[in-house]
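Working notes for the structure below.
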Amino acid sequence: MELVPAILAKNREEFIEKTKAVAPYVKRVQFDIMDGIFVPNKTWGTMVDIIRTWRNLNLKIDYEVHLMVLRPEILIKIFVKHGAERIFFHFEATKKPQTIIDLIKNNNKRFKKKCKIGIAINPGTGVESIEPYLKFIDSVLVMGVNPGWSGQEFQKTALEKIKQIKRLEPRIEIGVDGGVNLKNAKEILSAGADYLVAASAIFESKDIKETIEQFNLLEAE
Ligand code: DX5
């Protein structure tokens with residue numbers, strides 16, 4: 001099982017500090033991008049700031065992006081161009097999911113590294129809403145909390161959604177984000193999640209390296 005740290009940062013310093021703290025122990029990180037509109041919280045910087053800072057860190061790991069923004073279409077091109085491994089946009093943030101899927105696909109044709117296409121769903125959104133799109137995408141991010149902040153409690157309705165998605169389209173990679181910790185991780189993996197995304201369970205732990213290692217040892221039952 002793979003653990004992907006969520007990098008939720010208020011400023012450049014926090015972004016650098018968190019990214020550097022986990023980079024030696026993981027294959028990739030997930031950038032949390034919040035616009036203060038789709039979710040009440042706002043993360044730091046412009047996209048150019050984020051990409052430039054990431055590149056200057058010169059790390060040998062990948063990144064994916066979790067766009068908690070309205071009008072995600074305006075951010076797609078820059079992240080595809082700059083090598084994001086995967087982009088998640090929120091189903092709730094757009095009236096035209098297919099347009100965004102096609103935008104990632106079309107941008108992929110222009111750049112060497114192909115970016116995976118992902119949809120994120122909030123706790124209140126049922127799998128039936130995204131069912132028509134599953135055949136066009138690679139991944140789903142099932143949220144265990146309403147996005148906006150770290151440190152909220154995991155909502156168990158996510159577990160049934162993971163199973164439903166796997167029944168409908170077994171090929172889809174499922175990430176689970178929000179409220180994931182060492183206590184509930186096994187149950188989430190056993191429901192069928194392919195990887196877990198976490199922030200507070202990692203960054204508020206006493207020993208980041210040891211915590212990530214403990215997560216990585218967990219397997220589905
Ligand atoms: C939801 C964000 C999550 C969040 C996870 O607001 O998308 O990635 O940072 O934080 P924890 O793991 O603390 O719930």
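Letters for chains follow the order of the structure tokens (A, B, ...), residue numbers begin at 1 for each chain, and ligand numbers begin at 1 in the order shown.
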
Next item on the list: Kindly provide, as a PyMOL selection string, all nucleotide and amino acid residues lying within 10 Å of ligand 1, counting only C-alpha atoms and all ligand atoms.
Entry: chain A and resi 4-9+30-34+39-41+65-68+120+122+141+143-154+176-181+196-204

Just want the 10 Å neighbourhood of Met47 of chain A, counted on only C-alpha atoms, with same-chain residues fewer than 3 positions away dropped. Output as a PDB file with all heavy atoms, in the first residue's frame.
```
ATOM      1  N   ILE A  33      -4.674  22.338  -3.400  1.00  0.00           N
ATOM      2  CA  ILE A  33      -4.857  23.693  -3.936  1.00  0.00           C
ATOM      3  C   ILE A  33      -6.277  24.151  -3.585  1.00  0.00           C
ATOM      4  O   ILE A  33      -7.255  23.548  -4.062  1.00  0.00           O
ATOM      5  CB  ILE A  33      -4.694  23.722  -5.481  1.00  0.00           C
ATOM      6  CG1 ILE A  33      -3.446  22.968  -5.939  1.00  0.00           C
ATOM      7  CG2 ILE A  33      -4.749  25.164  -5.998  1.00  0.00           C
ATOM      8  CD1 ILE A  33      -2.159  23.708  -5.884  1.00  0.00           C
ATOM      9  N   TRP A  44      -1.516  28.789  -0.339  1.00  0.00           N
ATOM     10  CA  TRP A  44      -0.598  29.874  -0.731  1.00  0.00           C
ATOM     11  C   TRP A  44      -0.343  29.922  -2.236  1.00  0.00           C
ATOM     12  O   TRP A  44      -0.492  28.912  -2.935  1.00  0.00           O
ATOM     13  CB  TRP A  44       0.744  29.673  -0.035  1.00  0.00           C
ATOM     14  CG  TRP A  44       1.550  28.595  -0.690  1.00  0.00           C
ATOM     15  CD1 TRP A  44       1.287  27.256  -0.641  1.00  0.00           C
ATOM     16  CD2 TRP A  44       2.697  28.757  -1.528  1.00  0.00           C
ATOM     17  NE1 TRP A  44       2.216  26.582  -1.387  1.00  0.00           N
ATOM     18  CE2 TRP A  44       3.093  27.474  -1.939  1.00  0.00           C
ATOM     19  CE3 TRP A  44       3.444  29.865  -1.961  1.00  0.00           C
ATOM     20  CZ2 TRP A  44       4.189  27.250  -2.769  1.00  0.00           C
ATOM     21  CZ3 TRP A  44       4.536  29.642  -2.791  1.00  0.00           C
ATOM     22  CH2 TRP A  44       4.901  28.357  -3.188  1.00  0.00           C
ATOM     23  N   ILE A  50       4.043  27.861  -7.108  1.00  0.00           N
ATOM     24  CA  ILE A  50       4.091  26.477  -6.622  1.00  0.00           C
ATOM     25  C   ILE A  50       5.028  25.638  -7.491  1.00  0.00           C
ATOM     26  O   ILE A  50       5.908  24.940  -6.984  1.00  0.00           O
ATOM     27  CB  ILE A  50       2.660  25.881  -6.587  1.00  0.00           C
ATOM     28  CG1 ILE A  50       1.839  26.608  -5.518  1.00  0.00           C
ATOM     29  CG2 ILE A  50       2.697  24.372  -6.320  1.00  0.00           C
ATOM     30  CD1 ILE A  50       0.367  26.296  -5.530  1.00  0.00           C
ATOM     31  N   ILE A  51       4.869  25.760  -8.784  1.00  0.00           N
ATOM     32  CA  ILE A  51       5.693  24.949  -9.685  1.00  0.00           C
ATOM     33  C   ILE A  51       7.167  25.354  -9.594  1.00  0.00           C
ATOM     34  O   ILE A  51       8.059  24.509  -9.536  1.00  0.00           O
ATOM     35  CB  ILE A  51       5.151  25.022 -11.121  1.00  0.00           C
ATOM     36  CG1 ILE A  51       3.859  24.201 -11.175  1.00  0.00           C
ATOM     37  CG2 ILE A  51       6.149  24.500 -12.146  1.00  0.00           C
ATOM     38  CD1 ILE A  51       3.016  24.394 -12.372  1.00  0.00           C
ATOM     39  N   ARG A  52       7.397  26.639  -9.530  1.00  0.00           N
ATOM     40  CA  ARG A  52       8.786  27.104  -9.425  1.00  0.00           C
ATOM     41  C   ARG A  52       9.427  26.609  -8.128  1.00  0.00           C
ATOM     42  O   ARG A  52      10.556  26.118  -8.129  1.00  0.00           O
ATOM     43  CB  ARG A  52       8.806  28.635  -9.477  1.00  0.00           C
ATOM     44  CG  ARG A  52      10.173  29.179  -9.715  1.00  0.00           C
ATOM     45  CD  ARG A  52      10.133  30.673  -9.937  1.00  0.00           C
ATOM     46  NE  ARG A  52       9.572  31.051 -11.218  1.00  0.00           N
ATOM     47  CZ  ARG A  52       8.998  32.231 -11.470  1.00  0.00           C
ATOM     48  NH1 ARG A  52       8.873  33.128 -10.519  1.00  0.00           N
ATOM     49  NH2 ARG A  52       8.530  32.513 -12.674  1.00  0.00           N
ATOM     50  N   THR A  53       8.699  26.722  -7.039  1.00  0.00           N
ATOM     51  CA  THR A  53       9.240  26.280  -5.741  1.00  0.00           C
ATOM     52  C   THR A  53       9.505  24.777  -5.757  1.00  0.00           C
ATOM     53  O   THR A  53      10.547  24.306  -5.302  1.00  0.00           O
ATOM     54  CB  THR A  53       8.243  26.647  -4.614  1.00  0.00           C
ATOM     55  OG1 THR A  53       7.996  28.046  -4.693  1.00  0.00           O
ATOM     56  CG2 THR A  53       8.781  26.303  -3.252  1.00  0.00           C
ATOM     57  N   LEU A  75      -6.597  25.770 -14.434  1.00  0.00           N
ATOM     58  CA  LEU A  75      -5.323  25.314 -13.861  1.00  0.00           C
ATOM     59  C   LEU A  75      -4.781  24.044 -14.517  1.00  0.00           C
ATOM     60  O   LEU A  75      -3.685  23.583 -14.185  1.00  0.00           O
ATOM     61  CB  LEU A  75      -5.484  25.067 -12.360  1.00  0.00           C
ATOM     62  CG  LEU A  75      -5.978  26.250 -11.536  1.00  0.00           C
ATOM     63  CD1 LEU A  75      -6.052  25.883 -10.069  1.00  0.00           C
ATOM     64  CD2 LEU A  75      -5.062  27.445 -11.719  1.00  0.00           C
ATOM     65  N   ILE A  78      -1.290  24.188 -16.984  1.00  0.00           N
ATOM     66  CA  ILE A  78       0.009  24.435 -16.337  1.00  0.00           C
ATOM     67  C   ILE A  78       0.512  23.184 -15.607  1.00  0.00           C
ATOM     68  O   ILE A  78       1.691  22.858 -15.648  1.00  0.00           O
ATOM     69  CB  ILE A  78      -0.051  25.684 -15.415  1.00  0.00           C
ATOM     70  CG1 ILE A  78       1.345  26.014 -14.893  1.00  0.00           C
ATOM     71  CG2 ILE A  78      -1.030  25.534 -14.262  1.00  0.00           C
ATOM     72  CD1 ILE A  78       1.487  27.422 -14.394  1.00  0.00           C
ATOM     73  N   PHE A  79      -0.413  22.458 -14.991  1.00  0.00           N
ATOM     74  CA  PHE A  79       0.044  21.269 -14.269  1.00  0.00           C
ATOM     75  C   PHE A  79       0.366  20.109 -15.211  1.00  0.00           C
ATOM     76  O   PHE A  79       1.286  19.331 -14.944  1.00  0.00           O
ATOM     77  CB  PHE A  79      -0.976  20.862 -13.203  1.00  0.00           C
ATOM     78  CG  PHE A  79      -0.897  21.722 -11.975  1.00  0.00           C
ATOM     79  CD1 PHE A  79      -1.960  22.513 -11.576  1.00  0.00           C
ATOM     80  CD2 PHE A  79       0.269  21.756 -11.214  1.00  0.00           C
ATOM     81  CE1 PHE A  79      -1.876  23.316 -10.449  1.00  0.00           C
ATOM     82  CE2 PHE A  79       0.371  22.562 -10.074  1.00  0.00           C
ATOM     83  CZ  PHE A  79      -0.706  23.342  -9.701  1.00  0.00           C
TER      84      PHE A  79
END
```

Notebook entry, point to check: What's the 12 Å shell around segment 208-221 of chain A, counting only C-alpha atoms, without same-chain residues fewer than 6 positions away, as a PyMOL selection string?
Noted result: chain A and resi 1-5+18-27+180-202

Next item on the list: Kindly indicate which residue among A:Cys115, A:Ile101, A:Ile37, A:Leu159 lies nearest to Phe136 of chain A, using only C-alpha atoms for the distances.
Entry: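 Counting only C-alpha atoms, the residue closest to Phe136 of chain A is A:Ile101.
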
Margin query: Which residue is closest to Lys10 of chain A? Choose from A:Arg28, A:Leu168, A:Thr46, A:Phe91 and count only C-alpha atoms.
Written below: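 Going through A:Arg28, A:Leu168, A:Thr46, A:Phe91 one by one, the smallest distance to Lys10 of chain A is for A:Thr46.
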
Margin query: Can you tell me which residues surround Lys81 of chain A at a distance of at most 8 Å, considering only C-alpha atoms, apart from same-chain residues fewer than 4 positions away, and format the answer as a PyMOL selection string?
Written below: chain A and resi 77+107+111

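One distance worth recording is that between atom CA of Ser139 of chain A and atom CA of Lys116 of chain A, which is 7.4 Å.
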
Note to self: I want to know what sits within 8 Å of Ile137 of chain A, based on only C-alpha atoms, with residues of the same chain fewer than 2 positions away left out; could you give that as a ChimeraX atom specification?
What the structure shows: /A:101,116-119,133-135,139,172

Could you write out that same residue set with N, CA and C atoms as a tab-separated table (two decimals), in the first residue's frame?
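Heads up, here's the output in again.tsv:
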```tsv
chain	number	residue	atom	x	y	z
A	101	ILE	N	-12.20	16.58	-18.33
A	101	ILE	CA	-11.54	15.32	-18.69
A	101	ILE	C	-10.87	15.47	-20.06
A	116	LYS	N	-2.38	11.49	-15.38
A	116	LYS	CA	-3.61	10.71	-15.15
A	116	LYS	C	-4.77	11.62	-14.79
A	117	ILE	N	-5.96	11.18	-15.15
A	117	ILE	CA	-7.15	12.01	-14.95
A	117	ILE	C	-7.93	11.48	-13.75
A	118	GLY	N	-8.19	12.38	-12.79
A	118	GLY	CA	-8.91	11.95	-11.60
A	118	GLY	C	-10.06	12.87	-11.22
A	119	ILE	N	-11.09	12.27	-10.66
A	119	ILE	CA	-12.21	13.05	-10.11
A	119	ILE	C	-12.25	12.82	-8.61
A	133	TYR	N	-18.76	8.91	-16.01
A	133	TYR	CA	-17.41	9.39	-16.38
A	133	TYR	C	-16.33	8.36	-16.09
A	134	LEU	N	-16.67	7.31	-15.36
A	134	LEU	CA	-15.63	6.39	-14.90
A	134	LEU	C	-14.82	5.80	-16.06
A	135	LYS	N	-15.50	5.55	-17.17
A	135	LYS	CA	-14.76	4.93	-18.28
A	135	LYS	C	-13.75	5.88	-18.95
A	139	SER	N	-8.58	7.63	-12.17
A	139	SER	CA	-8.57	7.58	-10.70
A	139	SER	C	-9.75	8.32	-10.10
A	172	ILE	N	-10.14	1.32	-12.10
A	172	ILE	CA	-9.94	2.66	-11.52
A	172	ILE	C	-9.08	2.58	-10.26
```

Checklist line | Sel. of helix (DSSP H, G or I) residues, chain A, as a ChimeraX atom specification | finding: /A:12-25,47-57,73-81,91-93,97-108,127-136,157-168,185-190,200-203,208-217

Next item on the list: Using only C-alpha atoms, find the one residue out of A:Lys156, A:Lys109, A:Gly83, A:Glu131 that sits nearest to Glu169 of chain A.
Entry: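 Among the listed residues, the smallest separation from Glu169 of chain A belongs to A:Glu131.
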
Next item on the list: Name the closest residue to Thr94 of chain A among the candidates A:Val127, A:Val142, A:Ile76, A:Leu70; distances are taken between atoms, counting only C-alpha atoms.
Entry: A:Leu70
